[in-house]
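Trainee: Structure supplied as upload-v1.pdb; contents: PDB, C-alpha atoms, pLDDT in the B column.
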ATOM      1  CA  MET C   1     112.420 -55.143 -56.083  1.00 37.00           C
ATOM      2  CA  LYS C   2     109.283 -54.358 -54.154  1.00 40.00           C
ATOM      3  CA  ARG C   3     106.504 -56.899 -54.261  1.00 41.00           C
ATOM      4  CA  ILE C   4     103.193 -55.120 -54.640  1.00 37.00           C
ATOM      5  CA  CYS C   5      99.871 -56.747 -53.959  1.00 38.00           C
ATOM      6  CA  LEU C   6      96.614 -55.580 -55.442  1.00 31.00           C
ATOM      7  CA  THR C   7      94.156 -56.378 -52.656  1.00 34.00           C
ATOM      8  CA  LEU C   8      93.469 -54.992 -49.209  1.00 33.00           C
ATOM      9  CA  GLY C   9      94.274 -58.359 -47.708  1.00 39.00           C
ATOM     10  CA  LEU C  10      97.787 -58.325 -49.196  1.00 37.00           C
ATOM     11  CA  VAL C  11      97.355 -61.737 -50.767  1.00 37.00           C
ATOM     12  CA  ALA C  12      98.520 -63.651 -53.764  1.00 38.00           C
ATOM     13  CA  VAL C  13      96.912 -66.717 -55.220  1.00 33.00           C
ATOM     14  CA  SER C  14      99.200 -69.669 -55.715  1.00 38.00           C
ATOM     15  CA  ALA C  15      98.033 -73.173 -56.616  1.00 40.00           C
ATOM     16  CA  GLY C  16      94.563 -72.290 -55.441  1.00 41.00           C
ATOM     17  CA  LEU C  17      95.757 -71.184 -52.012  1.00 41.00           C
ATOM     18  CA  ILE C  18      95.781 -67.676 -50.560  1.00 42.00           C
ATOM     19  CA  VAL C  19      99.316 -66.813 -49.495  1.00 44.00           C
ATOM     20  CA  PRO C  20     100.330 -63.569 -47.739  1.00 51.00           C
ATOM     21  CA  VAL C  21     102.698 -61.337 -49.673  1.00 55.00           C
ATOM     22  CA  PHE C  22     104.415 -58.397 -47.988  1.00 63.00           C
ATOM     23  CA  ALA C  23     106.210 -55.422 -49.441  1.00 70.00           C
ATOM     24  CA  ALA C  24     109.973 -55.285 -49.343  1.00 86.00           C
ATOM     25  CA  ALA C  25     111.818 -52.630 -47.354  1.00 93.00           C
ATOM     26  CA  PRO C  26     110.973 -49.012 -48.254  1.00 92.00           C
ATOM     27  CA  ALA C  27     114.493 -48.599 -49.672  1.00 95.00           C
ATOM     28  CA  LYS C  28     117.090 -50.874 -51.234  1.00 96.00           C
ATOM     29  CA  VAL C  29     118.983 -52.558 -48.419  1.00 97.00           C
ATOM     30  CA  SER C  30     122.088 -52.997 -50.560  1.00 96.00           C
ATOM     31  CA  GLU C  31     122.385 -49.205 -50.892  1.00 96.00           C
ATOM     32  CA  ILE C  32     122.417 -48.783 -47.103  1.00 97.00           C
ATOM     33  CA  ILE C  33     124.605 -51.525 -45.648  1.00 98.00           C
ATOM     34  CA  THR C  34     127.247 -53.867 -47.031  1.00 97.00           C
ATOM     35  CA  ILE C  35     126.767 -57.605 -46.956  1.00 98.00           C
ATOM     36  CA  GLU C  36     129.986 -57.837 -44.933  1.00 97.00           C
ATOM     37  CA  GLU C  37     128.488 -55.590 -42.254  1.00 98.00           C
ATOM     38  CA  LEU C  38     125.304 -57.641 -42.217  1.00 98.00           C
ATOM     39  CA  VAL C  39     127.178 -60.922 -41.846  1.00 98.00           C
ATOM     40  CA  ALA C  40     129.324 -59.504 -39.053  1.00 98.00           C
ATOM     41  CA  GLU C  41     126.252 -58.119 -37.291  1.00 98.00           C
ATOM     42  CA  ALA C  42     124.356 -61.399 -37.575  1.00 98.00           C
ATOM     43  CA  LYS C  43     127.239 -63.415 -36.176  1.00 98.00           C
ATOM     44  CA  GLU C  44     127.806 -60.954 -33.325  1.00 98.00           C
ATOM     45  CA  ARG C  45     124.137 -60.940 -32.348  1.00 98.00           C
ATOM     46  CA  VAL C  46     123.861 -64.734 -32.412  1.00 98.00           C
ATOM     47  CA  ALA C  47     127.013 -65.042 -30.307  1.00 98.00           C
ATOM     48  CA  LYS C  48     125.635 -62.524 -27.798  1.00 97.00           C
ATOM     49  CA  LEU C  49     122.299 -64.323 -27.630  1.00 98.00           C
ATOM     50  CA  GLY C  50     124.188 -67.569 -27.153  1.00 98.00           C
ATOM     51  CA  GLU C  51     125.721 -66.103 -24.010  1.00 98.00           C
ATOM     52  CA  SER C  52     122.227 -65.209 -22.803  1.00 98.00           C
ATOM     53  CA  VAL C  53     121.085 -68.845 -22.975  1.00 98.00           C
ATOM     54  CA  ALA C  54     124.269 -70.369 -21.581  1.00 97.00           C
ATOM     55  CA  ASN C  55     122.259 -71.324 -18.511  1.00 98.00           C
ATOM     56  CA  GLU C  56     118.998 -70.399 -16.823  1.00 97.00           C
ATOM     57  CA  GLU C  57     120.649 -67.844 -14.559  1.00 98.00           C
ATOM     58  CA  ALA C  58     122.166 -66.012 -17.521  1.00 98.00           C
ATOM     59  CA  PHE C  59     118.808 -66.088 -19.299  1.00 98.00           C
ATOM     60  CA  LYS C  60     116.981 -64.714 -16.277  1.00 97.00           C
ATOM     61  CA  LYS C  61     119.455 -61.840 -16.015  1.00 97.00           C
ATOM     62  CA  ALA C  62     119.145 -61.113 -19.748  1.00 97.00           C
ATOM     63  CA  LEU C  63     115.359 -61.026 -19.459  1.00 96.00           C
ATOM     64  CA  GLU C  64     115.581 -58.589 -16.554  1.00 96.00           C
ATOM     65  CA  GLU C  65     117.819 -56.353 -18.654  1.00 95.00           C
ATOM     66  CA  LYS C  66     115.446 -56.778 -21.633  1.00 95.00           C
ATOM     67  CA  SER C  67     118.445 -57.604 -23.778  1.00 96.00           C
ATOM     68  CA  VAL C  68     117.061 -60.817 -25.273  1.00 97.00           C
ATOM     69  CA  GLY C  69     114.087 -59.076 -26.858  1.00 97.00           C
ATOM     70  CA  ARG C  70     116.194 -56.131 -28.005  1.00 97.00           C
ATOM     71  CA  GLU C  71     118.932 -58.328 -29.490  1.00 97.00           C
ATOM     72  CA  GLY C  72     116.283 -60.545 -31.084  1.00 98.00           C
ATOM     73  CA  GLY C  73     114.720 -57.539 -32.781  1.00 98.00           C
ATOM     74  CA  VAL C  74     118.055 -56.322 -34.142  1.00 98.00           C
ATOM     75  CA  LEU C  75     118.800 -59.831 -35.395  1.00 98.00           C
ATOM     76  CA  ALA C  76     115.393 -60.056 -37.096  1.00 98.00           C
ATOM     77  CA  VAL C  77     115.994 -56.775 -38.942  1.00 98.00           C
ATOM     78  CA  THR C  78     119.521 -57.884 -39.836  1.00 98.00           C
ATOM     79  CA  ALA C  79     118.294 -61.235 -41.119  1.00 98.00           C
ATOM     80  CA  GLN C  80     115.536 -59.712 -43.243  1.00 98.00           C
ATOM     81  CA  SER C  81     118.130 -57.308 -44.628  1.00 98.00           C
ATOM     82  CA  ILE C  82     120.220 -60.307 -45.663  1.00 98.00           C
ATOM     83  CA  VAL C  83     117.152 -61.815 -47.351  1.00 98.00           C
ATOM     84  CA  GLU C  84     116.603 -58.641 -49.389  1.00 97.00           C
ATOM     85  CA  HIS C  85     120.228 -57.647 -49.997  1.00 98.00           C
ATOM     86  CA  SER C  86     121.434 -58.010 -53.581  1.00 97.00           C
ATOM     87  CA  LYS C  87     124.330 -60.139 -52.289  1.00 97.00           C
ATOM     88  CA  GLY C  88     122.332 -61.937 -49.618  1.00 97.00           C
ATOM     89  CA  LYS C  89     122.552 -65.303 -51.326  1.00 95.00           C
ATOM     90  CA  ASP C  90     126.345 -65.011 -51.327  1.00 96.00           C
ATOM     91  CA  SER C  91     126.453 -64.517 -47.556  1.00 97.00           C
ATOM     92  CA  GLY C  92     126.244 -68.201 -46.703  1.00 97.00           C
ATOM     93  CA  ILE C  93     123.496 -67.391 -44.202  1.00 98.00           C
ATOM     94  CA  ALA C  94     119.938 -68.727 -44.376  1.00 98.00           C
ATOM     95  CA  GLY C  95     118.367 -65.312 -43.838  1.00 98.00           C
ATOM     96  CA  ALA C  96     114.682 -66.240 -43.568  1.00 98.00           C
ATOM     97  CA  THR C  97     115.425 -69.055 -41.127  1.00 98.00           C
ATOM     98  CA  LEU C  98     117.603 -66.721 -39.064  1.00 98.00           C
ATOM     99  CA  ARG C  99     114.816 -64.113 -39.026  1.00 98.00           C
ATOM    100  CA  ASP C 100     112.237 -66.627 -37.783  1.00 98.00           C
ATOM    101  CA  ALA C 101     114.533 -67.747 -34.974  1.00 98.00           C
ATOM    102  CA  ALA C 102     115.146 -64.103 -34.067  1.00 98.00           C
ATOM    103  CA  LEU C 103     111.411 -63.419 -33.896  1.00 98.00           C
ATOM    104  CA  VAL C 104     111.040 -66.172 -31.307  1.00 98.00           C
ATOM    105  CA  LEU C 105     113.849 -64.639 -29.267  1.00 98.00           C
ATOM    106  CA  ARG C 106     112.245 -61.236 -29.540  1.00 96.00           C
ATOM    107  CA  ARG C 107     109.181 -62.385 -27.604  1.00 96.00           C
ATOM    108  CA  THR C 108     109.872 -65.545 -25.621  1.00 97.00           C
ATOM    109  CA  LYS C 109     110.180 -65.700 -21.853  1.00 97.00           C
ATOM    110  CA  SER C 110     110.934 -69.422 -21.907  1.00 98.00           C
ATOM    111  CA  PHE C 111     114.527 -70.562 -21.412  1.00 98.00           C
ATOM    112  CA  ASP C 112     113.945 -73.782 -23.370  1.00 98.00           C
ATOM    113  CA  ASP C 113     112.338 -71.935 -26.288  1.00 98.00           C
ATOM    114  CA  ALA C 114     115.089 -69.339 -26.315  1.00 98.00           C
ATOM    115  CA  LYS C 115     117.810 -71.991 -26.243  1.00 98.00           C
ATOM    116  CA  ALA C 116     116.169 -73.838 -29.143  1.00 98.00           C
ATOM    117  CA  ALA C 117     115.823 -70.583 -31.102  1.00 98.00           C
ATOM    118  CA  VAL C 118     119.497 -69.748 -30.594  1.00 98.00           C
ATOM    119  CA  ALA C 119     120.447 -73.235 -31.785  1.00 98.00           C
ATOM    120  CA  LYS C 120     118.320 -72.678 -34.905  1.00 98.00           C
ATOM    121  CA  ALA C 121     119.915 -69.268 -35.413  1.00 98.00           C
ATOM    122  CA  GLN C 122     123.384 -70.807 -35.179  1.00 98.00           C
ATOM    123  CA  GLU C 123     122.416 -73.367 -37.819  1.00 98.00           C
ATOM    124  CA  ALA C 124     121.075 -70.569 -40.044  1.00 98.00           C
ATOM    125  CA  ILE C 125     124.366 -68.698 -39.693  1.00 98.00           C
ATOM    126  CA  ASN C 126     126.020 -71.814 -41.096  1.00 98.00           C
ATOM    127  CA  GLY C 127     123.597 -71.923 -44.011  1.00 98.00           C
ATOM    128  CA  LYS C 128     121.059 -74.511 -42.838  1.00 98.00           C
ATOM    129  CA  ALA C 129     117.640 -73.384 -44.018  1.00 97.00           C
ATOM    130  CA  ASP C 130     114.248 -74.350 -42.671  1.00 97.00           C
ATOM    131  CA  PRO C 131     112.064 -75.303 -45.671  1.00 96.00           C
ATOM    132  CA  ALA C 132     109.102 -73.623 -43.956  1.00 96.00           C
ATOM    133  CA  ALA C 133     110.840 -70.240 -43.805  1.00 97.00           C
ATOM    134  CA  VAL C 134     109.687 -67.799 -46.478  1.00 96.00           C
ATOM    135  CA  ALA C 135     111.424 -64.653 -47.686  1.00 96.00           C
ATOM    136  CA  ASP C 136     108.504 -62.271 -47.230  1.00 94.00           C
ATOM    137  CA  HIS C 137     107.901 -60.627 -43.880  1.00 96.00           C
ATOM    138  CA  PRO C 138     106.393 -57.254 -42.920  1.00 96.00           C
ATOM    139  CA  TRP C 139     109.074 -54.801 -41.835  1.00 96.00           C
ATOM    140  CA  ALA C 140     106.729 -53.263 -39.295  1.00 95.00           C
ATOM    141  CA  LYS C 141     106.696 -56.572 -37.388  1.00 96.00           C
ATOM    142  CA  LEU C 142     110.416 -57.287 -37.089  1.00 97.00           C
ATOM    143  CA  THR C 143     111.140 -55.411 -33.863  1.00 97.00           C
ATOM    144  CA  GLY C 144     109.392 -53.317 -31.241  1.00 94.00           C
ATOM    145  CA  MET C 145     109.623 -49.553 -31.266  1.00 92.00           C
ATOM    146  CA  HIS C 146     110.863 -49.150 -27.688  1.00 93.00           C
ATOM    147  CA  ALA C 147     113.470 -51.893 -28.046  1.00 94.00           C
ATOM    148  CA  MET C 148     114.574 -50.298 -31.313  1.00 94.00           C
ATOM    149  CA  MET C 149     115.003 -46.908 -29.683  1.00 93.00           C
ATOM    150  CA  ASP C 150     117.060 -48.462 -26.881  1.00 95.00           C
ATOM    151  CA  GLU C 151     119.311 -50.108 -29.460  1.00 96.00           C
ATOM    152  CA  ILE C 152     119.677 -46.899 -31.438  1.00 96.00           C
ATOM    153  CA  GLU C 153     120.740 -45.049 -28.295  1.00 95.00           C
ATOM    154  CA  ILE C 154     123.380 -47.699 -27.568  1.00 96.00           C
ATOM    155  CA  ARG C 155     124.720 -47.457 -31.115  1.00 96.00           C
ATOM    156  CA  GLN C 156     124.689 -43.678 -31.089  1.00 96.00           C
ATOM    157  CA  GLN C 157     126.980 -43.691 -28.059  1.00 96.00           C
ATOM    158  CA  LYS C 158     129.415 -45.988 -29.881  1.00 96.00           C
ATOM    159  CA  ILE C 159     129.400 -43.740 -32.935  1.00 96.00           C
ATOM    160  CA  ARG C 160     130.055 -40.665 -30.786  1.00 96.00           C
ATOM    161  CA  ARG C 161     133.054 -42.369 -29.189  1.00 96.00           C
ATOM    162  CA  ALA C 162     134.397 -43.399 -32.590  1.00 96.00           C
ATOM    163  CA  LEU C 163     134.017 -39.882 -33.977  1.00 96.00           C
ATOM    164  CA  ALA C 164     135.649 -38.346 -30.898  1.00 96.00           C
ATOM    165  CA  LYS C 165     138.815 -40.358 -31.602  1.00 93.00           C
ATOM    166  CA  PRO C 166     138.602 -41.143 -35.334  1.00 91.00           C
ATOM    167  CA  ARG C 167     141.679 -43.288 -35.696  1.00 88.00           C
ATOM    168  CA  ASP C 168     139.960 -46.121 -37.558  1.00 89.00           C
ATOM    169  CA  LEU C 169     136.397 -45.162 -38.424  1.00 94.00           C
ATOM    170  CA  PRO C 170     135.724 -48.077 -40.818  1.00 95.00           C
ATOM    171  CA  LYS C 171     135.668 -50.432 -37.828  1.00 93.00           C
ATOM    172  CA  SER C 172     132.648 -48.559 -36.467  1.00 95.00           C
ATOM    173  CA  SER C 173     130.698 -47.999 -39.688  1.00 97.00           C
ATOM    174  CA  GLN C 174     128.596 -51.046 -38.875  1.00 97.00           C
ATOM    175  CA  HIS C 175     126.884 -49.209 -36.005  1.00 97.00           C
ATOM    176  CA  ALA C 176     125.663 -46.412 -38.257  1.00 97.00           C
ATOM    177  CA  ALA C 177     124.616 -48.863 -40.958  1.00 98.00           C
ATOM    178  CA  VAL C 178     122.625 -50.959 -38.482  1.00 98.00           C
ATOM    179  CA  ILE C 179     120.770 -47.879 -37.242  1.00 97.00           C
ATOM    180  CA  ALA C 180     119.993 -47.132 -40.884  1.00 97.00           C
ATOM    181  CA  ILE C 181     118.390 -50.549 -41.459  1.00 98.00           C
ATOM    182  CA  LEU C 182     116.522 -50.262 -38.165  1.00 97.00           C
ATOM    183  CA  SER C 183     115.108 -47.053 -39.607  1.00 96.00           C
ATOM    184  CA  LEU C 184     113.534 -49.094 -42.392  1.00 97.00           C
ATOM    185  CA  ALA C 185     111.455 -50.865 -39.756  1.00 96.00           C
ATOM    186  CA  MET C 186     110.815 -47.532 -38.046  1.00 94.00           C
ATOM    187  CA  GLU C 187     109.382 -46.060 -41.219  1.00 94.00           C
ATOM    188  CA  GLU C 188     106.943 -48.953 -41.646  1.00 94.00           C
ATOM    189  CA  ASP C 189     105.873 -49.188 -37.992  1.00 90.00           C
ATOM    190  CA  THR C 190     103.504 -46.243 -37.596  1.00 92.00           C
ATOM    191  CA  HIS C 191     101.605 -47.392 -34.508  1.00 88.00           C
ATOM    192  CA  GLU C 192     103.154 -44.610 -32.414  1.00 83.00           C
ATOM    193  CA  VAL C 193     101.422 -42.041 -34.624  1.00 88.00           C
ATOM    194  CA  LYS C 194      98.090 -41.160 -33.023  1.00 87.00           C
ATOM    195  CA  LYS C 195      96.697 -39.088 -35.887  1.00 89.00           C
ATOM    196  CA  PRO C 196      96.462 -40.719 -39.335  1.00 92.00           C
ATOM    197  CA  GLU C 197      97.116 -37.406 -41.048  1.00 92.00           C
ATOM    198  CA  GLU C 198     100.544 -37.290 -39.357  1.00 88.00           C
ATOM    199  CA  ILE C 199     101.731 -40.630 -40.774  1.00 91.00           C
ATOM    200  CA  PRO C 200     103.336 -38.978 -43.849  1.00 92.00           C
ATOM    201  CA  GLN C 201     105.431 -36.797 -41.534  1.00 91.00           C
ATOM    202  CA  TRP C 202     106.537 -39.844 -39.526  1.00 89.00           C
ATOM    203  CA  LYS C 203     107.570 -41.615 -42.707  1.00 93.00           C
ATOM    204  CA  ALA C 204     109.354 -38.546 -44.058  1.00 92.00           C
ATOM    205  CA  TRP C 205     111.421 -38.091 -40.902  1.00 89.00           C
ATOM    206  CA  SER C 206     112.190 -41.822 -40.736  1.00 93.00           C
ATOM    207  CA  LYS C 207     113.407 -41.702 -44.334  1.00 94.00           C
ATOM    208  CA  GLU C 208     115.502 -38.600 -43.702  1.00 95.00           C
ATOM    209  CA  TYR C 209     116.955 -40.167 -40.561  1.00 94.00           C
ATOM    210  CA  ARG C 210     117.828 -43.348 -42.463  1.00 95.00           C
ATOM    211  CA  GLU C 211     119.523 -41.349 -45.210  1.00 96.00           C
ATOM    212  CA  THR C 212     121.671 -39.369 -42.773  1.00 96.00           C
ATOM    213  CA  LEU C 213     122.786 -42.573 -41.047  1.00 97.00           C
ATOM    214  CA  ALA C 214     123.544 -44.206 -44.395  1.00 97.00           C
ATOM    215  CA  LYS C 215     125.705 -41.155 -45.216  1.00 97.00           C
ATOM    216  CA  THR C 216     127.344 -41.449 -41.810  1.00 97.00           C
ATOM    217  CA  ALA C 217     128.162 -45.099 -42.445  1.00 97.00           C
ATOM    218  CA  ALA C 218     129.507 -44.370 -45.936  1.00 97.00           C
ATOM    219  CA  ALA C 219     131.758 -41.592 -44.628  1.00 97.00           C
ATOM    220  CA  MET C 220     133.020 -43.827 -41.823  1.00 97.00           C
ATOM    221  CA  ARG C 221     133.828 -46.591 -44.296  1.00 97.00           C
ATOM    222  CA  ALA C 222     135.824 -44.024 -46.285  1.00 97.00           C
ATOM    223  CA  ASN C 223     137.505 -42.821 -43.059  1.00 96.00           C
ATOM    224  CA  LYS C 224     136.226 -39.271 -43.611  1.00 96.00           C
ATOM    225  CA  ALA C 225     135.712 -38.006 -40.083  1.00 97.00           C
ATOM    226  CA  ASP C 226     134.396 -34.531 -40.934  1.00 96.00           C
ATOM    227  CA  ASP C 227     131.781 -35.864 -43.349  1.00 97.00           C
ATOM    228  CA  ALA C 228     130.756 -38.554 -40.891  1.00 97.00           C
ATOM    229  CA  SER C 229     130.379 -36.046 -38.072  1.00 97.00           C
ATOM    230  CA  ALA C 230     128.321 -33.670 -40.212  1.00 97.00           C
ATOM    231  CA  ALA C 231     125.935 -36.436 -41.270  1.00 97.00           C
ATOM    232  CA  PHE C 232     125.672 -37.856 -37.764  1.00 96.00           C
ATOM    233  CA  ASN C 233     124.953 -34.432 -36.257  1.00 94.00           C
ATOM    234  CA  GLY C 234     122.206 -34.033 -38.840  1.00 93.00           C
ATOM    235  CA  SER C 235     120.660 -37.321 -37.730  1.00 92.00           C
ATOM    236  CA  ALA C 236     120.627 -36.129 -34.123  1.00 85.00           C
ATOM    237  CA  LYS C 237     118.609 -33.051 -35.102  1.00 89.00           C
ATOM    238  CA  ILE C 238     116.032 -35.245 -36.823  1.00 87.00           C
ATOM    239  CA  CYS C 239     115.809 -37.407 -33.689  1.00 81.00           C
ATOM    240  CA  THR C 240     115.095 -34.388 -31.508  1.00 77.00           C
ATOM    241  CA  THR C 241     112.481 -32.984 -33.879  1.00 78.00           C
ATOM    242  CA  CYS C 242     110.687 -36.311 -34.200  1.00 77.00           C
ATOM    243  CA  HIS C 243     110.752 -37.030 -30.463  1.00 68.00           C
ATOM    244  CA  ASP C 244     109.369 -33.597 -29.667  1.00 69.00           C
ATOM    245  CA  LYS C 245     106.352 -34.315 -31.835  1.00 72.00           C
ATOM    246  CA  PHE C 246     105.665 -38.021 -31.378  1.00 68.00           C
ATOM    247  CA  ARG C 247     107.158 -39.289 -28.129  1.00 67.00           C
ATOM    248  CA  ASP C 248     104.820 -39.405 -25.142  1.00 54.00           C
TER
END
In structure tokens, what does this structure look like?
Mentor:
Amino acid sequence: MKRICLTLGLVAVSAGLIVPVFAAAPAKVSEIITIEELVAEAKERVAKLGESVANEEAFKKALEEKSVGREGGVLAVTAQSIVEHSKGKDSGIAGATLRDAALVLRRTKSFDDAKAAVAKAQEAINGKADPAAVADHPWAKLTGMHAMMDEIEIRQQKIRRALAKPRDLPKSSQHAAVIAILSLAMEEDTHEVKKPEEIPQWKAWSKEYRETLAKTAAAMRANKADDASAAFNGSAKICTTCHDKFRD
């Protein structure tokens, strides 16, 4: 359920202290992605980031490829999705702690900080929660727009390959579902929109894009290649339309 604040400062008063309160995702996460897909995604991202901090040379290469920040952003969105998912508490993952570790990885250029953040993320995967980690976090601040677009492009290629040879589509549904949850962050992050009056259009296209990817994922889970292809092709048209208007 969305948490709505009544002041411009987005605050709630608790025990005499002013505590920030942020709105939940603009759609129900549990209607977009399964908890099994989220758990698999979280574990895969943490494992990949672990490879990036295996040593300083590996970390330097990952920084040059900008993969640490991109993977960190995907992990942050995944973790917040676990926090808000109706079955998140059954996942065995400390979602808020995982998200906070991912946010460090999204921005850090320090090998030591990255290594410590990965260690914290690995603990969170195993259910160890940081008492300081809170559930609320603004979706617009989970990942960067350019890193998100790079990730979406990577996932789109994987979906295209799966649809070209649809022998076992359910194995690839995770890619479409992850793009769909990334679109939640896309909808909330409107800084690319130069004219305030165009923000509703940005949000509308983000929502439509998310819905087509959620349909793609659902069809892939059901192993319905034609339905998945139709939905995915629809998402591509939205991408083109949006890029034509908003991309520099």
Trainee: Could you check how far atom CA of C:Glu153 sits from atom CA of C:Leu98, in Å to one decimal?
Mentor: 24.4 Å
Trainee: Got a sec: who's within 8 Å of stretch 135-145 of chain C, counting all atoms listed in the file, leaving out chain neighbours fewer than 4 positions off, as a PyMOL selection string?
Mentor: chain C and resi 21-25+70+72-74+76-77+80+83+95-96+103+106+149+184-190
Trainee: If the PyMOL selection byres ((chain C and resi 162) around 12) is run on the structure shown, which residues does it catch, given as a count of residues only?
Mentor: 30
Trainee: Give me the result of the PyMOL selection byres ((chain C and resi 27) around 10) on this file, residue by residue, as a PyMOL selection string.
Mentor: chain C and resi 1-2+24-26+28-32+181+184+207+210-211
Trainee: Near C:Ala79, counting only C-alpha atoms, which residues have an atom at most 9 Å away, once you skip same-chain residues fewer than 5 positions from it, shown as number ranges by chain?
Mentor: C: 38-39, 42, 74, 84, 93-100, 102
Trainee: Go ahead and save the residues from that selection, with C-alpha atoms, as an mmCIF file, in the coordinates of the input.
Mentor:
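Here's the written file again-v1.cif:
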data_model
loop_
_atom_site.group_PDB
_atom_site.id
_atom_site.type_symbol
_atom_site.label_atom_id
_atom_site.label_comp_id
_atom_site.auth_asym_id
_atom_site.auth_seq_id
_atom_site.Cartn_x
_atom_site.Cartn_y
_atom_site.Cartn_z
ATOM 1 C CA LEU C 38 125.304 -57.641 -42.217
ATOM 2 C CA VAL C 39 127.178 -60.922 -41.846
ATOM 3 C CA ALA C 42 124.356 -61.399 -37.575
ATOM 4 C CA VAL C 74 118.055 -56.322 -34.142
ATOM 5 C CA GLU C 84 116.603 -58.641 -49.389
ATOM 6 C CA ILE C 93 123.496 -67.391 -44.202
ATOM 7 C CA ALA C 94 119.938 -68.727 -44.376
ATOM 8 C CA GLY C 95 118.367 -65.312 -43.838
ATOM 9 C CA ALA C 96 114.682 -66.240 -43.568
ATOM 10 C CA THR C 97 115.425 -69.055 -41.127
ATOM 11 C CA LEU C 98 117.603 -66.721 -39.064
ATOM 12 C CA ARG C 99 114.816 -64.113 -39.026
ATOM 13 C CA ASP C 100 112.237 -66.627 -37.783
ATOM 14 C CA ALA C 102 115.146 -64.103 -34.067
#
Trainee: For each of C:His85, C:Arg45, C:Lys115, C:Lys120, take the minimum atom-to-atom distance to C:Glu71, counting all atoms listed in the file, then give the residue where this is smallest.
Mentor: C:Arg45
Trainee: Atom CA of C:Val178 to atom CA of C:Val68: how many Å, to one decimal?
Mentor: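 Between atom CA of C:Val178 and atom CA of C:Val68 the gap works out to 17.4 Å.
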Trainee: What's around C:Ala119 at 12 Å? Count all atoms listed in the file, leave out sequence neighbours fewer than 3 positions away in its own chain, and write the answer as an MDAnalysis selection string.
Mentor: chainID C and resid 46:47 49:51 53:54 97:98 101:102 104:105 112:116 122:126 128
Trainee: Which distance in Å separates atom CA of C:Thr240 and atom CA of C:Ala180, to one decimal?
Mentor: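 Going from atom CA of C:Thr240 over to atom CA of C:Ala180 covers 16.6 Å.
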Trainee: Pick out the closest residue to C:Ser206 from this set: C:Ala230, C:Val193, C:Cys242, C:Ala177. Count all atoms listed in the file.
Mentor: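 That would be C:Cys242, the residue with the smallest distance to C:Ser206.
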Trainee: Hey, could you pull the box centre and edge lengths for stretch 23-38 of chain C, axis-aligned, 5 Å padding per side, all listed atoms, to one decimal in Å, as JSON?
Mentor:
{"center_x": 118.1, "center_y": -53.2, "center_z": -46.7, "size_x": 33.8, "size_y": 19.2, "size_z": 19.0}
